[in-house]
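See below for the structure under consideration.
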Amino acid sequence: HLPSEIVHAQPMTWLDLLTAADRRRAQRMIDALGELGLPDAEDVARVRMEGKSDRRLARRLVQARLDRLLDEAGADEDARRLVGEAVKALTSGGGGIGRDLPGWALFETDPDGSATGRQIDLE
């Protein structure tokens, strides 16, 4: 028998390996992603905290936010289609406006607003 004062420790997680400040930042990110309805919020946060890029993340975040806004507004399928077309127009290098006209690009920022240098693609 083991002495009663020995407590079985939980296995360490990736969060336990972070500094206290990074752990708080990661937990805030997990909470925010969860509020947007991402079922894999912890996995997404871990990838981000490791400095890796997930090209699909921007699309997922924008889609989740737009879906939430459209749901709150009681939008019908026509409104959802129009919003989808607007996003496409703003993010597809010229936006389908014309071949000889300028397009737009979206760039990721950290929560504090500083640029990460990563261009995002919502298509």
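Identifiers in the structure tokens: chain A, B, ... in order shown; residue index from 1 per chain; ligand index from 1 in order shown.
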
Worksheet item: Near Ile30 of chain A, within 6 Å and counting only C-alpha atoms, which residues show up once chain neighbours fewer than 5 positions away are dropped, as a PyMOL selection string?
Response: chain A and resi 41-42+45

Discussion item. Residues within 10 Å of Arg48 of chain A, please, as a PyMOL selection string. Count only C-alpha atoms; anything in the same chain fewer than 6 positions from it doesn't count.
Written reply: chain A and resi 26+29+42+54+57

Discussion item. Can you tell me which residues surround segment 99-111 of chain A at a distance of at most 12 Å, considering only C-alpha atoms, apart from same-chain residues fewer than 6 positions away, and format the answer as a PyMOL selection string?
Written reply: chain A and resi 25-26+28-29+32+48-49+51+53-55+57-59+61-62+87-93+117-123

Filtering to N, CA, C and O atoms, could you give me those residues as a compact mmCIF listing (two decimals), in the first residue's frame?
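What ended up in out24.txt:
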```txt
# COMPACT_ATOMS: atom_id res chain seq x y z
N ARG A 25 -2.78 33.36 -21.89
CA ARG A 25 -3.11 33.74 -23.27
C ARG A 25 -3.77 32.57 -24.00
O ARG A 25 -4.77 32.73 -24.70
N ALA A 26 -3.22 31.38 -23.83
CA ALA A 26 -3.78 30.19 -24.48
C ALA A 26 -5.19 29.92 -23.96
O ALA A 26 -6.10 29.60 -24.75
N ARG A 28 -7.32 32.07 -22.71
CA ARG A 28 -8.24 33.09 -23.27
C ARG A 28 -8.60 32.74 -24.71
O ARG A 28 -9.75 32.89 -25.12
N MET A 29 -7.61 32.27 -25.47
CA MET A 29 -7.87 31.88 -26.85
C MET A 29 -8.82 30.68 -26.91
O MET A 29 -9.76 30.67 -27.71
N ALA A 32 -12.31 31.91 -26.13
CA ALA A 32 -12.88 32.71 -27.22
C ALA A 32 -13.27 31.82 -28.40
O ALA A 32 -14.34 32.00 -29.00
N ARG A 48 -1.76 27.45 -32.71
CA ARG A 48 -1.42 28.87 -32.72
C ARG A 48 -0.31 29.19 -31.73
O ARG A 48 0.60 29.94 -32.03
N MET A 49 -0.38 28.62 -30.54
CA MET A 49 0.63 28.89 -29.52
C MET A 49 1.98 28.32 -29.93
O MET A 49 3.02 28.82 -29.52
N GLY A 51 3.05 28.54 -32.82
CA GLY A 51 3.53 29.39 -33.90
C GLY A 51 3.26 28.84 -35.29
O GLY A 51 3.81 29.34 -36.27
N SER A 53 0.81 27.86 -38.55
CA SER A 53 -0.27 28.52 -39.27
C SER A 53 -1.24 27.48 -39.79
O SER A 53 -0.83 26.44 -40.30
N ASP A 54 -2.51 27.76 -39.66
CA ASP A 54 -3.56 26.92 -40.21
C ASP A 54 -4.34 27.78 -41.19
O ASP A 54 -5.08 28.66 -40.79
N ARG A 55 -4.14 27.54 -42.49
CA ARG A 55 -4.76 28.38 -43.51
C ARG A 55 -6.28 28.38 -43.39
O ARG A 55 -6.92 29.33 -43.80
N LEU A 57 -7.99 28.40 -40.60
CA LEU A 57 -8.47 29.03 -39.37
C LEU A 57 -9.18 30.35 -39.65
O LEU A 57 -10.25 30.59 -39.11
N ALA A 58 -8.62 31.19 -40.48
CA ALA A 58 -9.26 32.48 -40.77
C ALA A 58 -10.66 32.26 -41.33
O ALA A 58 -11.62 32.91 -40.90
N ARG A 59 -10.77 31.34 -42.26
CA ARG A 59 -12.07 31.05 -42.86
C ARG A 59 -13.05 30.55 -41.80
O ARG A 59 -14.19 30.97 -41.75
N LEU A 61 -12.98 31.08 -38.54
CA LEU A 61 -13.32 32.14 -37.59
C LEU A 61 -14.30 33.14 -38.20
O LEU A 61 -15.29 33.53 -37.57
N VAL A 62 -14.02 33.56 -39.42
CA VAL A 62 -14.91 34.51 -40.09
C VAL A 62 -16.27 33.87 -40.30
O VAL A 62 -17.31 34.48 -40.04
N VAL A 87 -18.24 38.49 -48.99
CA VAL A 87 -16.95 38.02 -48.48
C VAL A 87 -16.06 37.61 -49.65
O VAL A 87 -14.89 37.96 -49.70
N LYS A 88 -16.64 36.89 -50.59
CA LYS A 88 -15.86 36.47 -51.76
C LYS A 88 -15.36 37.68 -52.54
O LYS A 88 -14.20 37.72 -52.97
N ALA A 89 -16.20 38.68 -52.73
CA ALA A 89 -15.80 39.89 -53.47
C ALA A 89 -14.66 40.62 -52.78
O ALA A 89 -13.79 41.19 -53.43
N LEU A 90 -14.64 40.59 -51.47
CA LEU A 90 -13.61 41.30 -50.72
C LEU A 90 -12.31 40.53 -50.58
O LEU A 90 -11.30 41.10 -50.16
N THR A 91 -12.32 39.27 -50.92
CA THR A 91 -11.13 38.46 -50.64
C THR A 91 -10.59 37.69 -51.83
O THR A 91 -9.69 36.88 -51.66
N SER A 92 -11.07 37.94 -53.01
CA SER A 92 -10.61 37.12 -54.13
C SER A 92 -9.89 37.93 -55.19
O SER A 92 -10.26 37.92 -56.35
N GLY A 93 -8.86 38.66 -54.79
CA GLY A 93 -7.98 39.35 -55.71
C GLY A 93 -8.66 40.03 -56.88
O GLY A 93 -8.49 39.65 -58.02
N GLY A 117 2.03 39.21 -40.33
CA GLY A 117 2.65 39.00 -41.62
C GLY A 117 2.02 37.88 -42.42
O GLY A 117 2.43 37.60 -43.53
N ARG A 118 1.00 37.24 -41.86
CA ARG A 118 0.33 36.15 -42.56
C ARG A 118 -0.86 36.69 -43.34
O ARG A 118 -1.77 37.26 -42.75
N GLN A 119 -0.86 36.48 -44.64
CA GLN A 119 -2.02 36.83 -45.45
C GLN A 119 -3.03 35.71 -45.32
O GLN A 119 -2.66 34.53 -45.25
N ILE A 120 -4.30 36.05 -45.25
CA ILE A 120 -5.32 35.02 -45.11
C ILE A 120 -6.16 34.95 -46.36
O ILE A 120 -6.31 35.91 -47.09
N ASP A 121 -6.69 33.77 -46.59
CA ASP A 121 -7.50 33.50 -47.77
C ASP A 121 -8.82 32.91 -47.28
O ASP A 121 -8.83 31.87 -46.62
N LEU A 122 -9.90 33.59 -47.59
CA LEU A 122 -11.20 33.12 -47.12
C LEU A 122 -11.94 32.27 -48.14
O LEU A 122 -13.07 31.90 -47.93
N GLU A 123 -11.31 32.00 -49.26
CA GLU A 123 -11.98 31.17 -50.27
C GLU A 123 -11.80 29.71 -49.97
O GLU A 123 -10.90 29.25 -49.42
```

Item to complete: Using only C-alpha atoms, find the one residue out of A:Arg81, A:Ala64, A:Leu15, A:Ala21 that sits nearest to Val47 of chain A.
Response: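 Checking each candidate against Val47 of chain A, we get A:Leu15 as the closest.
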
Worksheet entry | Residue list (strand (DSSP E), DSSP) for chain A, as a count of residues only | 10

Worksheet entry | Contacts of Leu66 of chain A within 10 Å, only C-alpha atoms, excl. fewer than 5 positions in-chain, as a VMD selection string | chain A and resid 60 to 61 71 to 72 80 83 to 84 87

Worksheet item: Pick the closest to Thr116 of chain A from A:Lys52, A:Asp43, A:Leu69, A:Leu33: which is it, counting only C-alpha atoms?
Response: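 For Thr116 of chain A, the nearest of the given residues is A:Lys52.
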
Worksheet item: How many Å lie between atom CA of Leu70 of chain A and atom CA of Arg56 of chain A, rounded to one decimal?
Response: 20.7 Å

Worksheet item: Among segment 62-114 of chain A, which residues carry a DSSP assignment of helix (DSSP H, G or I), reported as an NGL selection string?
Response: :A and (62-72 or 77-91)

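Atom to atom, atom CA of Asp31 of chain A and atom CA of Ala75 of chain A stand 26.4 Å apart.
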